[in-house]
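Trainee: My questions will all concern the structure given below.
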Amino acid sequence: MPPQRPGRGLALVGYRGSGKSTVGRLVAGLLNRTLLDVDVEIEARAGRSIGAIFAQLGESVFRDREELILAEVFEQFPDAVVATGGGSVTRESNRRRIREFGHVVWLTAVPDELARRLETDDRGLPGRPALTPAGTIAEIAQVLRERTAFYAGLADVVIETGGKSPEEVAAAILESWTNWISR
Ligand code: S3P
């Protein structure tokens, strides 16, 4: 992939439960673009849920697959709206690809709100695997601390999703996208 490629895609980053998949679907519809959800691609290729990949193969195998599939998705769908996995930003190679892909939107919410949303998975899948033994709220606080600088370093725009409907968040993304594309 050439460095400094002027990407024309739209990447959504943010913690689990920040609404990347739900809002991504809406934004893709509004822009008449394809939505690629990296988690869904990983599960489809593995033929098992992310929970099962974590449990049976371990997190590092999951991260290797995530890196591979993220790169493929960006390469094959340069115009897509891509919902990235919340932890993909922890690898430098992923961060570089996300940045090169195009407009980067960071969706945020406070830990309580993220925890509430994580109780139900909008894709109807079994719950997400634990990332630490700390328990939901403590885990969110800890992992967010580790990742915030990564999200912030990538984002062209930060959108706080608390108290907003998915449609309102999608509208805010569209506005940011329109400004960015006409830059
Ligand atoms: C993870 C986030 C998940 C999924 C996996 C690990 C993380 O993606 O990739 O459970 O480390 O934050 P979502 O952010 O789409 O839930």
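Order determines the names: the first chain of the structure tokens is A, the second B, and so forth; residues in each chain are numbered 1 upward, and ligands are numbered 1 upward as they are shown.
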Counting only C-alpha atoms and all ligand atoms, which protein, DNA or RNA residues come within 10 Å of ligand 1, given as a ChimeraX atom specification?

Mentor: /A:12-22,37-40,42-43,49-51,53-54,59,62-63,66,83-90,118,121-123,127-132,140,143-144,147

Trainee: Would you save the residues of that selection, restricted to N, CA and C atoms, as a short mmCIF file (atom, residue, chain, number, x, y, z; two decimals), in the first residue's frame?

Mentor:
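Printed below is part-v1.cif as written:
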```cif
data_model
loop_
_atom_site.label_atom_id
_atom_site.label_comp_id
_atom_site.auth_asym_id
_atom_site.auth_seq_id
_atom_site.Cartn_x
_atom_site.Cartn_y
_atom_site.Cartn_z
N LEU A 12 -14.77 4.29 11.47
CA LEU A 12 -15.29 4.59 12.80
C LEU A 12 -14.43 3.86 13.82
N VAL A 13 -13.91 4.61 14.79
CA VAL A 13 -13.14 4.01 15.88
C VAL A 13 -13.81 4.35 17.20
N GLY A 14 -13.48 3.58 18.22
CA GLY A 14 -14.04 3.86 19.54
C GLY A 14 -14.22 2.57 20.32
N TYR A 15 -14.49 2.75 21.58
CA TYR A 15 -14.60 1.61 22.49
C TYR A 15 -15.81 0.75 22.13
N ARG A 16 -15.81 -0.47 22.64
CA ARG A 16 -16.96 -1.35 22.47
C ARG A 16 -18.20 -0.66 23.06
N GLY A 17 -19.29 -0.71 22.31
CA GLY A 17 -20.51 -0.10 22.82
C GLY A 17 -20.64 1.37 22.45
N SER A 18 -19.66 1.89 21.72
CA SER A 18 -19.76 3.32 21.35
C SER A 18 -20.69 3.52 20.17
N GLY A 19 -21.13 2.44 19.54
CA GLY A 19 -22.14 2.56 18.48
C GLY A 19 -21.60 2.46 17.07
N LYS A 20 -20.37 1.97 16.92
CA LYS A 20 -19.75 1.95 15.59
C LYS A 20 -20.57 1.16 14.57
N SER A 21 -21.07 -0.01 14.96
CA SER A 21 -21.80 -0.85 14.00
C SER A 21 -23.17 -0.25 13.68
N THR A 22 -23.89 0.13 14.72
CA THR A 22 -25.24 0.67 14.53
C THR A 22 -25.21 1.95 13.72
N ASP A 37 -18.05 -4.26 8.62
CA ASP A 37 -17.84 -4.34 10.06
C ASP A 37 -16.74 -5.39 10.26
N VAL A 38 -15.60 -4.96 10.72
CA VAL A 38 -14.44 -5.86 10.76
C VAL A 38 -14.71 -7.07 11.65
N ASP A 39 -15.42 -6.85 12.77
CA ASP A 39 -15.75 -8.00 13.64
C ASP A 39 -16.58 -9.04 12.89
N VAL A 40 -17.55 -8.56 12.11
CA VAL A 40 -18.42 -9.48 11.36
C VAL A 40 -17.59 -10.25 10.33
N ILE A 42 -14.41 -10.98 10.54
CA ILE A 42 -13.57 -11.95 11.27
C ILE A 42 -14.39 -13.19 11.62
N GLU A 43 -15.61 -12.95 12.12
CA GLU A 43 -16.45 -14.08 12.52
C GLU A 43 -16.86 -14.93 11.32
N SER A 49 -17.87 -17.26 16.61
CA SER A 49 -17.99 -15.93 17.20
C SER A 49 -16.65 -15.44 17.73
N ILE A 50 -16.56 -14.13 17.93
CA ILE A 50 -15.34 -13.58 18.51
C ILE A 50 -15.12 -14.15 19.90
N GLY A 51 -16.21 -14.33 20.64
CA GLY A 51 -16.10 -14.96 21.97
C GLY A 51 -15.44 -16.32 21.87
N ILE A 53 -13.48 -17.37 19.39
CA ILE A 53 -12.07 -17.23 18.97
C ILE A 53 -11.21 -16.91 20.18
N PHE A 54 -11.66 -15.97 21.01
CA PHE A 54 -10.90 -15.63 22.22
C PHE A 54 -10.74 -16.87 23.10
N GLU A 59 -6.45 -14.36 22.66
CA GLU A 59 -6.57 -12.99 22.14
C GLU A 59 -5.52 -12.69 21.07
N PHE A 62 -6.63 -13.79 17.79
CA PHE A 62 -7.67 -12.87 17.34
C PHE A 62 -7.06 -11.59 16.80
N ARG A 63 -6.07 -11.03 17.49
CA ARG A 63 -5.46 -9.75 17.06
C ARG A 63 -4.75 -9.91 15.71
N GLU A 66 -7.43 -9.99 13.15
CA GLU A 66 -8.01 -8.64 13.03
C GLU A 66 -7.11 -7.76 12.15
N ALA A 83 -16.54 -0.07 10.22
CA ALA A 83 -16.61 -0.11 11.68
C ALA A 83 -15.46 -0.98 12.15
N THR A 84 -14.47 -0.36 12.78
CA THR A 84 -13.30 -1.12 13.25
C THR A 84 -13.60 -1.72 14.62
N GLY A 85 -12.88 -2.76 14.98
CA GLY A 85 -13.00 -3.31 16.33
C GLY A 85 -12.37 -2.34 17.33
N GLY A 86 -12.96 -2.27 18.52
CA GLY A 86 -12.51 -1.29 19.51
C GLY A 86 -11.03 -1.40 19.88
N GLY A 87 -10.48 -2.63 19.75
CA GLY A 87 -9.09 -2.83 20.17
C GLY A 87 -8.09 -2.74 19.03
N SER A 88 -8.57 -2.51 17.81
CA SER A 88 -7.66 -2.53 16.66
C SER A 88 -6.61 -1.42 16.75
N VAL A 89 -6.95 -0.34 17.46
CA VAL A 89 -6.03 0.80 17.56
C VAL A 89 -4.78 0.48 18.39
N THR A 90 -4.77 -0.68 19.05
CA THR A 90 -3.61 -0.98 19.90
C THR A 90 -2.39 -1.40 19.07
N LEU A 118 -23.25 -2.43 26.57
CA LEU A 118 -22.59 -3.72 26.36
C LEU A 118 -23.40 -4.89 26.90
N ASP A 121 -26.02 -6.92 22.89
CA ASP A 121 -25.23 -6.82 21.66
C ASP A 121 -26.17 -6.59 20.50
N ASP A 122 -25.96 -5.48 19.78
CA ASP A 122 -26.91 -5.14 18.71
C ASP A 122 -26.82 -6.07 17.51
N ARG A 123 -25.80 -6.94 17.51
CA ARG A 123 -25.75 -7.91 16.42
C ARG A 123 -26.35 -9.24 16.85
N GLY A 127 -22.36 -12.38 24.28
CA GLY A 127 -21.63 -11.24 24.82
C GLY A 127 -20.17 -11.18 24.38
N ARG A 128 -19.62 -9.98 24.38
CA ARG A 128 -18.22 -9.83 23.98
C ARG A 128 -17.32 -10.46 25.05
N PRO A 129 -16.17 -10.97 24.62
CA PRO A 129 -15.26 -11.58 25.60
C PRO A 129 -14.69 -10.53 26.55
N ALA A 130 -14.43 -10.93 27.77
CA ALA A 130 -13.78 -10.02 28.71
C ALA A 130 -12.36 -9.75 28.22
N LEU A 131 -11.89 -8.53 28.44
CA LEU A 131 -10.52 -8.17 28.04
C LEU A 131 -9.57 -8.21 29.22
N THR A 132 -10.12 -8.10 30.42
CA THR A 132 -9.34 -8.18 31.65
C THR A 132 -10.20 -8.92 32.68
N ILE A 140 -13.61 -1.28 31.64
CA ILE A 140 -13.79 -0.17 30.69
C ILE A 140 -12.88 0.99 31.08
N VAL A 143 -9.16 -0.06 30.34
CA VAL A 143 -8.81 -0.22 28.92
C VAL A 143 -8.94 1.13 28.20
N LEU A 144 -9.94 1.90 28.59
CA LEU A 144 -10.08 3.24 27.99
C LEU A 144 -8.85 4.09 28.27
N ARG A 147 -6.23 3.16 25.90
CA ARG A 147 -6.48 3.37 24.46
C ARG A 147 -6.80 4.81 24.08
#
```

Trainee: Which polymer residues have any atom within 10 Å of an atom of Ala28 in chain A, counting only C-alpha atoms, with same-chain residues fewer than 3 positions away left out, as a list in words?

Mentor: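 Answer for this query is Leu10, Val23, Gly24, Arg25, Leu31, Asn32, Arg33, Thr34, Leu35, Leu36, Ala80, Val81, Val82, Ala170 and Leu174 of chain A.
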
Trainee: Would you mind telling me which residue in A:Leu68, A:Trp106, A:Ser60, A:Asn94 lies nearest to Thr148 in chain A when using only C-alpha atoms?

Mentor: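 The shortest atom-to-atom distance to Thr148 in chain A comes from A:Trp106.
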
Trainee: Neighbours of Val157 in chain A within 12 Å (only C-alpha atoms; same-chain residues fewer than 2 positions away dropped), as a short mmCIF file (atom, residue, chain, number, x, y, z; two decimals) with N, CA, C and O atoms, in the first residue's frame?

Mentor:
```cif
data_model
loop_
_atom_site.label_atom_id
_atom_site.label_comp_id
_atom_site.auth_asym_id
_atom_site.auth_seq_id
_atom_site.Cartn_x
_atom_site.Cartn_y
_atom_site.Cartn_z
N LEU A 10 -14.34 6.06 5.12
CA LEU A 10 -14.74 6.61 6.42
C LEU A 10 -14.59 5.51 7.46
O LEU A 10 -15.21 4.45 7.33
N ALA A 11 -13.73 5.73 8.44
CA ALA A 11 -13.49 4.73 9.47
C ALA A 11 -14.05 5.20 10.81
O ALA A 11 -13.85 6.35 11.21
N LEU A 12 -14.77 4.29 11.47
CA LEU A 12 -15.29 4.59 12.80
C LEU A 12 -14.43 3.86 13.82
O LEU A 12 -14.22 2.65 13.71
N VAL A 13 -13.91 4.61 14.79
CA VAL A 13 -13.14 4.01 15.88
C VAL A 13 -13.81 4.35 17.20
O VAL A 13 -14.60 5.30 17.28
N GLY A 14 -13.48 3.58 18.22
CA GLY A 14 -14.04 3.86 19.54
C GLY A 14 -14.22 2.57 20.32
O GLY A 14 -14.11 1.47 19.77
N HIS A 103 -11.40 9.54 6.33
CA HIS A 103 -11.91 10.32 7.46
C HIS A 103 -12.07 9.40 8.67
O HIS A 103 -12.70 8.35 8.56
N VAL A 104 -11.53 9.83 9.81
CA VAL A 104 -11.59 8.98 11.00
C VAL A 104 -12.46 9.63 12.07
O VAL A 104 -12.19 10.76 12.50
N VAL A 105 -13.50 8.92 12.45
CA VAL A 105 -14.47 9.42 13.42
C VAL A 105 -14.35 8.60 14.70
O VAL A 105 -14.45 7.37 14.66
N TRP A 106 -14.13 9.28 15.80
CA TRP A 106 -14.04 8.60 17.11
C TRP A 106 -15.37 8.80 17.85
O TRP A 106 -15.74 9.95 18.15
N LEU A 107 -16.05 7.71 18.11
CA LEU A 107 -17.30 7.76 18.87
C LEU A 107 -17.00 7.50 20.35
O LEU A 107 -16.32 6.51 20.67
N THR A 108 -17.48 8.38 21.20
CA THR A 108 -17.20 8.24 22.63
C THR A 108 -18.49 8.16 23.44
O THR A 108 -19.56 8.57 22.98
N TYR A 151 -6.98 6.51 20.23
CA TYR A 151 -8.18 7.03 19.55
C TYR A 151 -8.00 8.52 19.22
O TYR A 151 -8.28 8.97 18.12
N ALA A 152 -7.52 9.25 20.21
CA ALA A 152 -7.38 10.70 20.04
C ALA A 152 -6.38 11.03 18.94
O ALA A 152 -6.57 11.97 18.17
N GLY A 153 -5.30 10.24 18.88
CA GLY A 153 -4.26 10.50 17.88
C GLY A 153 -4.73 10.25 16.46
O GLY A 153 -4.18 10.80 15.51
N LEU A 154 -5.76 9.42 16.32
CA LEU A 154 -6.27 9.08 14.99
C LEU A 154 -7.39 9.99 14.51
O LEU A 154 -7.57 10.21 13.32
N ALA A 155 -8.16 10.50 15.47
CA ALA A 155 -9.47 11.08 15.12
C ALA A 155 -9.37 12.42 14.40
O ALA A 155 -8.64 13.32 14.81
N ILE A 159 -16.99 12.45 18.41
CA ILE A 159 -18.43 12.66 18.59
C ILE A 159 -18.88 11.95 19.85
O ILE A 159 -18.77 10.72 19.97
N GLU A 160 -19.35 12.73 20.81
CA GLU A 160 -19.89 12.18 22.06
C GLU A 160 -21.30 11.66 21.74
O GLU A 160 -22.14 12.39 21.22
N ALA A 172 -24.41 13.91 12.66
CA ALA A 172 -23.19 14.63 13.03
C ALA A 172 -22.00 14.12 12.22
O ALA A 172 -21.13 14.89 11.79
N ILE A 173 -21.97 12.83 11.99
CA ILE A 173 -20.87 12.25 11.18
C ILE A 173 -20.96 12.76 9.75
O ILE A 173 -19.95 13.12 9.13
N LEU A 174 -22.17 12.81 9.25
CA LEU A 174 -22.37 13.27 7.86
C LEU A 174 -21.88 14.71 7.69
O LEU A 174 -21.23 15.05 6.70
N GLU A 175 -22.16 15.51 8.70
CA GLU A 175 -21.72 16.92 8.64
C GLU A 175 -20.19 16.99 8.63
O GLU A 175 -19.58 17.71 7.85
N SER A 176 -19.58 16.20 9.51
CA SER A 176 -18.13 16.18 9.60
C SER A 176 -17.51 15.66 8.29
O SER A 176 -16.52 16.19 7.79
N TRP A 177 -18.12 14.62 7.76
CA TRP A 177 -17.66 14.03 6.50
C TRP A 177 -17.72 15.07 5.37
O TRP A 177 -16.78 15.21 4.59
N ASN A 179 -17.66 18.33 5.51
CA ASN A 179 -16.60 19.32 5.69
C ASN A 179 -15.25 18.75 5.29
O ASN A 179 -14.45 19.42 4.65
N TRP A 180 -15.02 17.53 5.68
CA TRP A 180 -13.72 16.90 5.44
C TRP A 180 -13.48 16.66 3.96
O TRP A 180 -12.39 16.92 3.44
#
```

Trainee: From a DSSP pass on the backbone, collect the residues of range 38-181 of chain A flagged as strand (DSSP E or B) and hand them back as a list in words.

Mentor: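 Checking each residue of range 38-181 of chain A, the strand (DSSP E or B) ones are Val81, Val82, Ala83, Gly102, His103, Val104, Val105, Trp106, Leu107, Thr108, Val157, Val158, Ile159 and Glu160 of chain A.
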
Trainee: Could you jot down the CA of Glu41 in chain A to CA of Val169 in chain A separation for me, Å, one decimal place?

Mentor: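 Between these atoms lies a distance of 23.9 Å.
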
Trainee: Identify, with DSSP run on backbone atoms, the residues in range 59-164 of chain A assigned to alpha helix (DSSP H), and express the list as a ChimeraX atom specification.

Mentor: /A:59-76,92-101,111-118,136-154
